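Asks: Just start_26.txt, nothing more (compact mmCIF, C-alpha atoms and all ligand atoms):
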# COMPACT_ATOMS: atom_id res chain seq x y z
CA MET C 222 -121.84 -72.73 186.84
CA GLU C 223 -119.43 -75.32 185.51
CA PHE C 224 -117.66 -74.62 182.23
CA LEU C 225 -117.27 -77.44 179.76
CA PRO C 226 -115.94 -77.05 176.25
CA ALA C 227 -118.21 -77.99 173.39
CA THR C 228 -116.05 -80.96 172.44
CA ASN C 229 -116.98 -82.63 175.72
CA ARG C 230 -120.64 -81.77 175.87
CA ARG C 231 -121.83 -85.21 174.91
CA LYS C 232 -119.40 -86.99 177.23
CA ARG C 233 -120.52 -85.05 180.28
CA LYS C 234 -124.32 -84.84 179.97
CA GLY C 235 -126.21 -83.28 182.84
CA LEU C 236 -123.63 -80.56 183.60
CA VAL C 237 -124.30 -76.94 182.71
CA VAL C 238 -122.28 -75.83 179.69
CA LEU C 239 -121.18 -72.23 179.21
CA MET C 240 -119.83 -71.81 175.69
CA LYS C 241 -117.97 -68.76 174.44
CA ASN C 242 -116.54 -67.80 171.09
CA TYR C 243 -113.58 -65.50 170.77
CA ASN C 244 -112.37 -63.43 167.83
CA VAL C 245 -108.60 -63.63 167.62
CA GLY C 246 -105.76 -62.01 165.74
CA ILE C 247 -102.42 -63.46 164.66
CA ILE C 248 -99.56 -60.97 164.89
CA GLY C 249 -96.72 -62.26 162.73
CA ALA C 250 -99.14 -64.31 160.61
CA THR C 251 -96.76 -64.63 157.65
CA GLY C 252 -93.95 -66.27 159.66
CA MET C 253 -93.25 -69.92 160.45
CA VAL C 254 -95.06 -69.82 163.80
CA GLY C 255 -97.77 -67.49 162.49
CA GLN C 256 -98.56 -69.91 159.66
CA ARG C 257 -98.77 -72.72 162.20
CA PHE C 258 -101.25 -70.62 164.22
CA ALA C 259 -103.34 -70.13 161.07
CA THR C 260 -103.54 -73.87 160.37
CA LEU C 261 -104.30 -74.73 164.02
CA LEU C 262 -107.02 -72.10 164.29
CA GLU C 263 -108.72 -72.87 160.97
CA ASN C 264 -111.25 -75.22 162.56
CA HIS C 265 -110.84 -74.32 166.22
CA PRO C 266 -114.10 -74.76 168.16
CA TRP C 267 -113.70 -71.58 170.25
CA PHE C 268 -111.30 -69.22 168.43
CA HIS C 269 -112.09 -67.52 165.10
CA VAL C 270 -109.41 -65.58 163.26
CA THR C 271 -110.68 -62.09 162.38
CA ALA C 272 -107.40 -60.17 162.02
CA LEU C 273 -103.94 -60.96 160.64
CA ALA C 274 -100.91 -58.70 160.93
CA ALA C 275 -97.24 -58.67 159.96
CA SER C 276 -94.63 -56.06 159.09
CA GLY C 277 -95.24 -53.00 156.93
CA ARG C 278 -93.75 -55.03 154.05
CA SER C 279 -96.78 -57.36 154.05
CA ALA C 280 -99.49 -54.94 155.23
CA GLY C 281 -102.17 -54.15 152.66
CA GLN C 282 -101.76 -57.49 150.87
CA THR C 283 -104.20 -60.37 151.29
CA TYR C 284 -102.84 -63.26 153.31
CA ARG C 285 -102.73 -65.33 150.12
CA GLU C 286 -100.61 -62.70 148.37
CA ALA C 287 -98.32 -62.12 151.34
CA VAL C 288 -97.36 -65.79 151.80
CA GLU C 289 -97.17 -66.69 148.12
CA GLY C 290 -93.95 -68.65 147.57
CA ARG C 291 -93.23 -68.85 151.32
CA TRP C 292 -96.04 -71.02 152.70
CA LYS C 293 -94.13 -73.53 154.86
CA MET C 294 -96.92 -75.74 156.20
CA LYS C 295 -97.71 -79.21 154.84
CA THR C 296 -101.44 -78.37 154.84
CA PRO C 297 -102.74 -75.66 152.47
CA LEU C 298 -103.33 -72.02 153.36
CA PRO C 299 -106.70 -71.88 155.19
CA GLU C 300 -109.30 -70.64 152.68
CA SER C 301 -111.22 -68.81 155.43
CA MET C 302 -108.19 -66.54 155.98
CA ALA C 303 -106.80 -66.30 152.45
CA ASP C 304 -108.62 -63.06 151.57
CA LEU C 305 -108.09 -61.26 154.88
CA VAL C 306 -106.03 -58.13 154.26
CA LEU C 307 -102.97 -57.96 156.51
CA TYR C 308 -102.65 -55.15 159.02
CA ASP C 309 -99.40 -53.49 160.00
CA ALA C 310 -98.69 -54.99 163.43
CA THR C 311 -97.25 -51.75 164.82
CA ASN C 312 -99.29 -49.00 163.17
CA ASP C 313 -102.75 -50.61 163.07
CA ILE C 314 -103.17 -51.61 166.72
CA ASP C 315 -106.38 -49.60 167.14
CA LYS C 316 -107.97 -51.24 164.08
CA ILE C 317 -106.93 -54.69 165.25
CA ALA C 318 -108.19 -54.00 168.79
CA GLU C 319 -111.67 -53.33 167.40
CA LYS C 320 -111.76 -56.74 165.71
CA VAL C 321 -110.40 -59.14 168.31
CA ASP C 322 -110.84 -60.40 171.87
CA PHE C 323 -107.15 -61.32 172.11
CA VAL C 324 -104.11 -61.95 169.88
CA PHE C 325 -101.41 -64.56 169.42
CA CYS C 326 -98.02 -62.97 168.75
CA ALA C 327 -94.91 -64.44 167.06
CA VAL C 328 -92.78 -61.79 165.38
CA ASN C 329 -89.16 -61.47 164.40
CA MET C 330 -88.11 -58.06 165.72
CA PRO C 331 -85.55 -56.71 168.18
CA LYS C 332 -86.51 -57.66 171.74
CA ALA C 333 -87.04 -54.11 172.97
CA GLU C 334 -89.45 -53.50 170.08
CA ILE C 335 -91.35 -56.72 170.81
CA ARG C 336 -91.62 -55.78 174.49
CA ALA C 337 -93.05 -52.38 173.52
CA LEU C 338 -95.37 -53.88 170.87
CA GLU C 339 -96.85 -56.47 173.22
CA GLU C 340 -97.36 -53.88 175.96
CA ALA C 341 -99.04 -51.57 173.45
CA TYR C 342 -101.61 -54.28 172.64
CA ALA C 343 -102.15 -55.07 176.32
CA LYS C 344 -102.67 -51.36 177.09
CA LYS C 345 -105.33 -51.25 174.35
CA GLU C 346 -107.07 -53.97 176.41
CA VAL C 347 -106.06 -56.73 173.98
CA PRO C 348 -104.63 -59.74 175.84
CA VAL C 349 -101.49 -61.13 174.17
CA VAL C 350 -100.54 -64.81 174.16
CA SER C 351 -96.96 -64.68 172.95
CA ASN C 352 -94.42 -67.04 171.50
CA ASN C 353 -91.70 -64.41 171.66
CA SER C 354 -89.02 -64.51 174.32
CA ALA C 355 -89.02 -60.74 174.97
CA HIS C 356 -91.28 -60.82 178.06
CA ARG C 357 -90.27 -64.23 179.45
CA GLY C 358 -88.10 -62.56 182.06
CA THR C 359 -90.72 -59.97 183.10
CA PRO C 360 -91.57 -61.03 186.66
CA ASP C 361 -95.35 -60.46 186.50
CA VAL C 362 -95.73 -62.03 183.03
CA PRO C 363 -96.71 -65.68 183.42
CA MET C 364 -94.75 -68.18 181.33
CA ILE C 365 -97.21 -71.02 181.06
CA VAL C 366 -96.90 -74.68 180.13
CA PRO C 367 -100.51 -75.57 180.95
CA GLU C 368 -99.81 -79.17 182.03
CA LEU C 369 -97.22 -77.95 184.54
CA ASN C 370 -97.90 -74.49 185.94
CA ALA C 371 -101.44 -73.41 184.99
CA ASP C 372 -101.64 -71.66 188.37
CA HIS C 373 -99.10 -69.02 187.23
CA ALA C 374 -102.02 -67.34 185.38
CA GLU C 375 -102.98 -66.03 188.83
CA VAL C 376 -100.27 -63.39 188.50
CA ILE C 377 -102.28 -61.68 185.71
CA PRO C 378 -104.33 -59.40 188.03
CA PHE C 379 -101.04 -58.02 189.42
CA GLN C 380 -99.71 -57.40 185.91
CA ARG C 381 -102.95 -55.64 184.95
CA LYS C 382 -102.53 -53.38 187.97
CA ARG C 383 -99.01 -52.42 186.83
CA LEU C 384 -100.15 -51.84 183.24
CA GLY C 385 -103.27 -49.95 184.34
CA THR C 386 -105.55 -52.25 182.32
CA LYS C 387 -108.86 -53.95 183.03
CA LYS C 388 -108.55 -56.75 180.50
CA GLY C 389 -105.21 -56.43 178.70
CA PHE C 390 -102.21 -58.53 179.77
CA ILE C 391 -99.35 -60.57 178.33
CA ALA C 392 -98.84 -64.30 178.84
CA VAL C 393 -95.93 -66.11 177.20
CA LYS C 394 -94.83 -69.56 176.13
CA SER C 395 -91.50 -70.98 177.21
CA ASN C 396 -88.71 -71.73 174.73
CA CYS C 397 -89.20 -74.75 172.47
CA SER C 398 -85.84 -76.33 173.44
CA LEU C 399 -87.00 -77.24 176.95
CA GLN C 400 -90.51 -78.32 176.03
CA SER C 401 -89.64 -82.03 176.20
CA TYR C 402 -87.31 -82.29 179.18
CA VAL C 403 -89.05 -79.94 181.61
CA PRO C 404 -92.36 -81.86 181.39
CA ALA C 405 -90.48 -85.15 181.84
CA LEU C 406 -88.51 -83.82 184.83
CA SER C 407 -91.33 -81.92 186.57
CA PRO C 408 -93.16 -84.85 188.17
CA LEU C 409 -89.78 -86.36 189.14
CA LYS C 410 -88.76 -83.05 190.75
CA ASP C 411 -91.95 -83.11 192.83
CA ALA C 412 -91.44 -86.71 193.90
CA PHE C 413 -87.68 -86.98 194.43
CA GLY C 414 -86.21 -83.44 194.55
CA LEU C 415 -84.11 -82.49 191.52
CA LYS C 416 -80.46 -81.57 192.22
CA SER C 417 -78.76 -81.22 188.83
CA VAL C 418 -79.59 -81.56 185.15
CA LEU C 419 -77.49 -81.78 181.98
CA ALA C 420 -79.52 -81.37 178.78
CA CYS C 421 -78.09 -81.53 175.26
CA THR C 422 -80.64 -80.60 172.61
CA TYR C 423 -80.71 -81.53 168.94
CA GLN C 424 -82.99 -78.91 167.43
CA ALA C 425 -84.96 -78.90 164.18
CA ILE C 426 -84.52 -76.25 161.52
CA SER C 427 -88.16 -75.08 161.75
CA GLY C 428 -87.09 -73.67 165.13
CA ALA C 429 -85.09 -71.13 163.13
CA GLY C 430 -88.11 -70.44 160.88
CA LYS C 431 -86.37 -72.49 158.12
CA THR C 432 -87.02 -75.35 155.73
CA PHE C 433 -84.40 -77.40 153.86
CA GLU C 434 -85.01 -75.17 150.82
CA THR C 435 -84.25 -71.99 152.75
CA PHE C 436 -81.43 -73.51 154.88
CA PRO C 437 -79.28 -75.62 152.48
CA GLU C 438 -76.19 -75.28 154.73
CA ILE C 439 -77.77 -77.63 157.27
CA VAL C 440 -78.00 -80.59 154.86
CA ASP C 441 -75.32 -83.19 155.82
CA ASN C 442 -74.33 -80.96 158.73
CA VAL C 443 -74.65 -80.16 162.44
CA ILE C 444 -74.23 -76.57 163.63
CA PRO C 445 -73.06 -76.42 167.25
CA TYR C 446 -74.48 -72.99 168.08
CA ILE C 447 -77.97 -71.51 168.40
CA GLY C 448 -77.73 -67.95 169.70
CA GLY C 449 -79.23 -67.48 173.18
CA GLU C 450 -80.66 -70.98 173.30
CA GLU C 451 -78.44 -72.43 176.02
CA GLU C 452 -79.17 -69.52 178.38
CA LYS C 453 -82.93 -69.95 177.80
CA SER C 454 -82.68 -73.72 178.30
CA GLU C 455 -80.93 -73.24 181.63
CA GLN C 456 -82.92 -70.29 183.03
CA GLU C 457 -86.51 -70.68 181.84
CA PRO C 458 -87.19 -73.97 183.68
CA LEU C 459 -86.55 -72.11 186.95
CA LYS C 460 -89.39 -69.69 186.16
CA LEU C 461 -91.70 -72.56 185.19
CA TRP C 462 -90.89 -74.21 188.52
CA GLY C 463 -91.27 -70.92 190.42
CA HIS C 464 -94.15 -69.61 192.53
CA ILE C 465 -96.16 -66.39 192.90
CA GLU C 466 -95.14 -64.13 195.77
CA ASN C 467 -96.02 -60.44 196.24
CA GLY C 468 -97.47 -60.14 192.74
CA VAL C 469 -94.56 -61.62 190.79
CA ILE C 470 -93.23 -65.04 189.83
CA VAL C 471 -90.25 -65.92 192.00
CA ASN C 472 -87.97 -68.39 190.21
CA ALA C 473 -87.14 -71.73 191.80
CA ASP C 474 -83.64 -71.67 193.30
CA GLY C 475 -82.68 -75.03 191.75
CA PRO C 476 -81.79 -77.42 190.25
CA VAL C 477 -78.51 -76.50 188.61
CA ILE C 478 -79.04 -76.89 184.84
CA THR C 479 -76.34 -76.96 182.17
CA SER C 480 -77.07 -77.37 178.48
CA GLN C 481 -75.67 -77.48 174.95
CA CYS C 482 -77.96 -76.80 171.99
CA LEU C 483 -77.14 -78.02 168.47
CA ARG C 484 -78.97 -77.41 165.18
CA VAL C 485 -79.47 -80.68 163.28
CA PRO C 486 -80.83 -81.55 159.83
CA VAL C 487 -84.37 -82.40 160.95
CA SER C 488 -87.42 -80.51 159.68
CA ASP C 489 -89.52 -80.60 162.88
CA GLY C 490 -89.01 -82.00 166.38
CA HIS C 491 -86.47 -81.09 169.04
CA THR C 492 -84.74 -84.04 170.72
CA ALA C 493 -82.95 -83.78 174.07
CA ALA C 494 -80.45 -86.12 175.75
CA VAL C 495 -80.97 -85.56 179.47
CA PHE C 496 -79.00 -86.53 182.57
CA ALA C 497 -80.35 -85.87 186.09
CA SER C 498 -79.52 -86.37 189.76
CA PHE C 499 -82.01 -86.22 192.62
CA GLU C 500 -82.12 -85.62 196.39
CA LYS C 501 -83.51 -89.14 196.71
CA LYS C 502 -82.48 -91.44 193.86
CA PRO C 503 -85.56 -93.06 192.27
CA THR C 504 -85.66 -96.49 190.68
CA ILE C 505 -86.22 -96.82 186.95
CA GLU C 506 -89.58 -98.48 187.61
CA GLU C 507 -90.69 -95.65 189.92
CA ILE C 508 -89.92 -93.11 187.21
CA LYS C 509 -91.78 -95.02 184.50
CA LYS C 510 -94.81 -95.33 186.79
CA ILE C 511 -94.82 -91.60 187.51
CA TRP C 512 -94.62 -90.75 183.80
CA ALA C 513 -97.38 -93.23 182.90
CA GLU C 514 -99.70 -91.87 185.59
CA PHE C 515 -98.86 -88.18 185.14
CA LYS C 516 -101.92 -85.94 185.03
CA GLY C 517 -101.28 -82.21 184.99
CA PRO C 518 -103.50 -79.44 186.39
CA ILE C 519 -105.49 -79.13 183.12
CA HIS C 520 -106.25 -82.82 182.79
CA ASP C 521 -109.89 -82.51 183.88
CA LEU C 522 -110.57 -79.36 181.86
CA HIS C 523 -110.74 -81.33 178.57
CA LEU C 524 -109.28 -78.44 176.57
CA PRO C 525 -109.61 -78.98 172.78
CA SER C 526 -105.85 -78.97 172.09
CA ALA C 527 -104.79 -81.00 175.12
CA PRO C 528 -103.17 -84.36 174.36
CA GLN C 529 -104.86 -87.54 175.57
CA GLN C 530 -101.59 -88.71 177.13
CA PHE C 531 -99.04 -85.97 177.80
CA ILE C 532 -95.97 -88.17 178.42
CA HIS C 533 -95.46 -91.28 176.28
CA TYR C 534 -92.70 -93.72 177.23
CA PHE C 535 -91.18 -96.00 174.58
CA GLU C 536 -89.63 -99.33 175.65
CA GLU C 537 -88.05 -99.76 172.18
CA PRO C 538 -84.34 -98.87 172.40
CA ASP C 539 -84.35 -96.80 169.21
CA ARG C 540 -87.25 -94.47 170.07
CA PRO C 541 -88.34 -91.72 170.24
CA GLN C 542 -87.36 -90.62 166.73
CA ALA C 543 -88.22 -87.17 165.42
CA LYS C 544 -89.51 -88.40 162.08
CA LEU C 545 -91.64 -91.19 163.53
CA ASP C 546 -92.86 -89.78 166.81
CA ARG C 547 -93.07 -85.96 166.73
CA ASP C 548 -96.74 -85.97 165.64
CA MET C 549 -98.03 -88.17 168.47
CA ASP C 550 -101.20 -86.77 170.00
CA GLY C 551 -101.37 -84.09 167.33
CA GLY C 552 -97.81 -82.98 168.08
CA MET C 553 -98.87 -81.98 171.61
CA GLY C 554 -97.31 -84.90 173.47
CA VAL C 555 -93.85 -85.43 174.98
CA GLU C 556 -92.12 -88.64 173.85
CA VAL C 557 -89.53 -90.24 176.14
CA GLY C 558 -87.29 -93.30 175.88
CA ARG C 559 -83.93 -94.86 176.74
CA LEU C 560 -84.32 -94.35 180.50
CA ARG C 561 -81.44 -95.96 182.37
CA GLU C 562 -78.97 -95.46 185.22
CA ASP C 563 -75.89 -93.31 184.61
CA LYS C 564 -72.32 -93.43 185.96
CA LEU C 565 -72.02 -89.68 186.66
CA PHE C 566 -75.66 -88.70 187.24
CA ASP C 567 -78.46 -90.82 188.76
CA ILE C 568 -80.29 -91.38 185.47
CA LYS C 569 -80.32 -90.48 181.79
CA PHE C 570 -83.00 -90.55 179.09
CA VAL C 571 -83.89 -89.14 175.66
CA CYS C 572 -86.98 -87.06 174.96
CA LEU C 573 -88.65 -85.36 172.02
CA SER C 574 -91.35 -82.78 171.36
CA HIS C 575 -92.70 -81.07 168.24
CA ASN C 576 -91.13 -77.63 168.34
CA THR C 577 -93.70 -75.67 166.34
CA LEU C 578 -96.72 -77.51 167.80
CA LEU C 579 -96.27 -78.23 171.52
CA GLY C 580 -93.13 -76.05 171.54
CA ALA C 581 -94.67 -73.01 169.88
CA ALA C 582 -98.08 -72.36 168.28
CA GLY C 583 -99.85 -75.47 169.65
CA GLY C 584 -98.64 -74.74 173.17
CA ALA C 585 -99.81 -71.14 172.86
CA VAL C 586 -103.25 -72.23 171.63
CA LEU C 587 -103.51 -74.61 174.60
CA THR C 588 -102.47 -71.77 176.94
CA ALA C 589 -105.17 -69.55 175.38
CA GLU C 590 -107.75 -72.30 175.92
CA LEU C 591 -106.75 -72.45 179.58
CA LEU C 592 -106.98 -68.65 179.91
CA ALA C 593 -110.38 -68.70 178.15
CA VAL C 594 -111.74 -71.30 180.54
CA LYS C 595 -110.47 -69.29 183.50
CA GLY C 596 -112.24 -66.16 182.18
CA TYR C 597 -109.15 -64.04 181.46
CA PHE C 598 -110.42 -62.92 178.02
CA ASP C 599 -113.83 -61.75 179.30
P1 LIG H 1 -90.30 -65.84 161.00
O1 LIG H 1 -90.71 -67.02 160.22
O2 LIG H 1 -89.08 -65.10 160.63
O3 LIG H 1 -91.57 -64.80 160.98
C1 LIG H 1 -91.45 -63.54 161.51
C2 LIG H 1 -92.78 -62.77 161.49
O4 LIG H 1 -92.53 -61.49 162.09
C3 LIG H 1 -93.32 -62.48 160.08
O5 LIG H 1 -94.73 -62.51 160.12
C4 LIG H 1 -92.84 -61.07 159.81
O6 LIG H 1 -93.65 -60.34 158.91
C5 LIG H 1 -93.00 -60.49 161.20
N1 LIG H 1 -92.19 -59.28 161.35
C6 LIG H 1 -90.88 -59.11 161.08
N2 LIG H 1 -90.54 -57.81 161.32
C7 LIG H 1 -91.66 -57.19 161.77
C8 LIG H 1 -91.95 -55.87 162.16
N3 LIG H 1 -91.03 -54.91 162.17
N4 LIG H 1 -93.22 -55.58 162.56
C9 LIG H 1 -94.17 -56.53 162.56
N5 LIG H 1 -93.96 -57.82 162.19
C10 LIG H 1 -92.71 -58.13 161.79
O7 LIG H 1 -90.14 -66.18 162.55
P2 LIG H 1 -90.80 -67.40 163.38
O8 LIG H 1 -89.94 -68.59 163.32
O9 LIG H 1 -92.24 -67.52 163.05
O10 LIG H 1 -90.63 -66.85 164.86
C11 LIG H 1 -91.41 -65.76 165.32
C12 LIG H 1 -91.21 -65.60 166.82
O11 LIG H 1 -91.59 -66.82 167.46
C13 LIG H 1 -89.76 -65.32 167.20
O12 LIG H 1 -89.75 -64.43 168.30
C14 LIG H 1 -89.25 -66.69 167.61
O13 LIG H 1 -88.20 -66.60 168.54
C15 LIG H 1 -90.49 -67.28 168.24
N6 LIG H 1 -90.50 -68.75 168.27
C16 LIG H 1 -90.28 -69.49 167.15
C17 LIG H 1 -90.34 -70.90 167.25
C18 LIG H 1 -90.18 -71.80 166.07
O14 LIG H 1 -90.24 -73.03 166.28
N7 LIG H 1 -90.02 -71.28 164.85
C19 LIG H 1 -90.59 -71.49 168.45
C20 LIG H 1 -90.82 -70.72 169.56
C21 LIG H 1 -90.77 -69.35 169.44
P3 LIG H 1 -93.21 -60.14 157.36
O15 LIG H 1 -93.52 -61.42 156.66
O16 LIG H 1 -94.09 -59.02 156.91
O17 LIG H 1 -91.75 -59.81 157.36
Take the structure I supplied and represent it as structure tokens, if you would.
Replies:
Amino acid sequence: MEFLPATNRRKRKGLVVLMKNYNVGIIGATGMVGQRFATLLENHPWFHVTALAASGRSAGQTYREAVEGRWKMKTPLPESMADLVLYDATNDIDKIAEKVDFVFCAVNMPKAEIRALEEAYAKKEVPVVSNNSAHRGTPDVPMIVPELNADHAEVIPFQRKRLGTKKGFIAVKSNCSLQSYVPALSPLKDAFGLKSVLACTYQAISGAGKTFETFPEIVDNVIPYIGGEEEKSEQEPLKLWGHIENGVIVNADGPVITSQCLRVPVSDGHTAAVFASFEKKPTIEEIKKIWAEFKGPIHDLHLPSAPQQFIHYFEEPDRPQAKLDRDMDGGMGVEVGRLREDKLFDIKFVCLSHNTLLGAAGGAVLTAELLAVKGYFD
């Protein structure tokens, strides 16, 4: 039986459609990423929010009460969730497990506690799609960017065996900093062999869960340090480019990546200035053609949150710009420009992605859609 999402039913008449609805929870619903999940899921065709959770400080309040004075989204609080009473993410796992088929998780806690929390949900047979970094290094936890490495989901049965679960597992998103340059480099890596990469990122304040009101020090300023970000930017691409072997993801052994990550006074949208050298130096035209024609492994699945065109190339010399271009394709696209030859590396270019959409909640929703289609929540 072929699965087609409802949004494509009319386009693909004649094929058998298997539709499923899932009840979902948002763990960390009051935070910056959690709020983004709430707005993205408000009218989602497959996922219906039935449980919200945060810390003990928020538990027992309605969502409306808990986020009063700290709603950071440009769209209003979803009415359908406003009266849901928040659970305590740690102490109410059993209650949440009764109400959901899987959860999204984005919490601000020490890493060891997040690791334990996510495993506790998985062991209660609640799959976890996580935006947290705590499990990104766990070898049998897939770190999925659906357009690039959807096949890494195939490690889930091995993880379930380790956890002793039938349904529960953890899948994670990669860090938002690399969400523009890894997609741009991936098809070039496949075609020309990638030797070395230098990536300097200029990261928005929403990546720190902040707005200009809550982060006045960033106005008229650049802060040249984001804790842990450079390590993530250099190491996580190697997992994304890795492969499954003996029940774990084995990281790619190259390219060499070096990075510097700066916090800049931009509300949303991480920009990266990227330099790269290849085994076989491509021409500028070859690269543009590969980006224009790029179709990832989910292209034909027609997932509801997938962008029409994943990589957009701008010929204008002053694009992409965070303010103008971060929302392209619903904030789920990667915007690239200024591709040219370099004196030290083979090429250089600039790229941009929306850090809380593609780089966080939107990317996690797309990952969940992929996992739903592949039957991992059933
Ligand atoms: P945030 O705005 O500070 O929100 C943190 C959330 O965690 C809140 O819902 C908070 O609940 C909850 N929380 C804090 N302590 C808790 C506890 N002890 N038990 C249960 N819940 C607790 O943070 P954020 O920016 O949304 O980031 C959340 C996670 O996503 C982090 O791991 C971050 O690294 C990751 N992430 C963020 C971005 C981004 O662009 N912002 C991108 C990728 C990944 P209360 O309101 O009750 O305190």
Asks: At a cut-off of 8 Å around ligand LIG 1 (chain H), and using only C-alpha atoms and all ligand atoms, what residues come up? Please write them as a VMD selection string.
Replies: chain C and resid 248 to 256 274 to 280 287 to 288 309 to 311 326 to 330 351 to 355 394 to 397 427 to 431 576 to 577 580 to 582
Asks: So how far away is atom CA of Gly358 of chain C from atom CA of Glu452 of chain C, in Å?
Replies: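 Value for the atom CA of Glu452 of chain C-atom CA of Gly358 of chain C distance: 11.9 Å.
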Asks: For Glu368 of chain C, work out the shell of residues within 12 Å, counting all atoms listed in the file and skipping chain neighbours fewer than 6 positions away, then give it as an mmCIF file with C-alpha atoms, in the frame of the given file.
Replies:
data_model
loop_
_atom_site.group_PDB
_atom_site.id
_atom_site.type_symbol
_atom_site.label_atom_id
_atom_site.label_comp_id
_atom_site.auth_asym_id
_atom_site.auth_seq_id
_atom_site.Cartn_x
_atom_site.Cartn_y
_atom_site.Cartn_z
ATOM 1 C CA GLN C 400 -90.510 -78.320 176.030
ATOM 2 C CA VAL C 403 -89.050 -79.940 181.610
ATOM 3 C CA PRO C 404 -92.360 -81.860 181.390
ATOM 4 C CA ALA C 405 -90.480 -85.150 181.840
ATOM 5 C CA SER C 407 -91.330 -81.920 186.570
ATOM 6 C CA PRO C 408 -93.160 -84.850 188.170
ATOM 7 C CA LEU C 461 -91.700 -72.560 185.190
ATOM 8 C CA PHE C 515 -98.860 -88.180 185.140
ATOM 9 C CA LYS C 516 -101.920 -85.940 185.030
ATOM 10 C CA GLY C 517 -101.280 -82.210 184.990
ATOM 11 C CA PRO C 518 -103.500 -79.440 186.390
ATOM 12 C CA ILE C 519 -105.490 -79.130 183.120
ATOM 13 C CA HIS C 520 -106.250 -82.820 182.790
ATOM 14 C CA ASP C 521 -109.890 -82.510 183.880
ATOM 15 C CA LEU C 522 -110.570 -79.360 181.860
ATOM 16 C CA HIS C 523 -110.740 -81.330 178.570
ATOM 17 C CA LEU C 524 -109.280 -78.440 176.570
ATOM 18 C CA SER C 526 -105.850 -78.970 172.090
ATOM 19 C CA ALA C 527 -104.790 -81.000 175.120
ATOM 20 C CA PRO C 528 -103.170 -84.360 174.360
ATOM 21 C CA GLN C 529 -104.860 -87.540 175.570
ATOM 22 C CA GLN C 530 -101.590 -88.710 177.130
ATOM 23 C CA PHE C 531 -99.040 -85.970 177.800
ATOM 24 C CA ILE C 532 -95.970 -88.170 178.420
ATOM 25 C CA MET C 553 -98.870 -81.980 171.610
ATOM 26 C CA GLY C 554 -97.310 -84.900 173.470
ATOM 27 C CA VAL C 555 -93.850 -85.430 174.980
ATOM 28 C CA LEU C 579 -96.270 -78.230 171.520
ATOM 29 C CA GLY C 584 -98.640 -74.740 173.170
ATOM 30 C CA LEU C 587 -103.510 -74.610 174.600
ATOM 31 C CA THR C 588 -102.470 -71.770 176.940
ATOM 32 C CA LEU C 591 -106.750 -72.450 179.580
#
Asks: Name the residues, using the chain letters and numbers of the file, that sit within 9 Å of (-85.5, -90.2, 193.3) when counting all atoms listed in the file, and give them as a PyMOL selection string.
Replies: chain C and resi 409-410+412-415+498-504+507-508+567
Asks: Measuring atom to atom with all atoms listed in the file, identify which of C:Ile439, C:Val571, C:Ala420, C:Ala259 is nearest to Met294 of chain C.
Replies: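 Using all atoms listed in the file, the shortest distance to Met294 of chain C belongs to C:Ala259.
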Asks: Give me the residues within 9 Å of Leu406 of chain C as a tab-separated table (two decimals) with C-alpha atoms, in the frame of the given file, counting all atoms listed in the file and dropping any in the same chain fewer than 5 places off.
Replies:
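Generated output (result_15.tsv):
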chain	number	residue	atom	x	y	z
C	401	SER	CA	-89.64	-82.03	176.20
C	411	ASP	CA	-91.95	-83.11	192.83
C	415	LEU	CA	-84.11	-82.49	191.52
C	497	ALA	CA	-80.35	-85.87	186.09
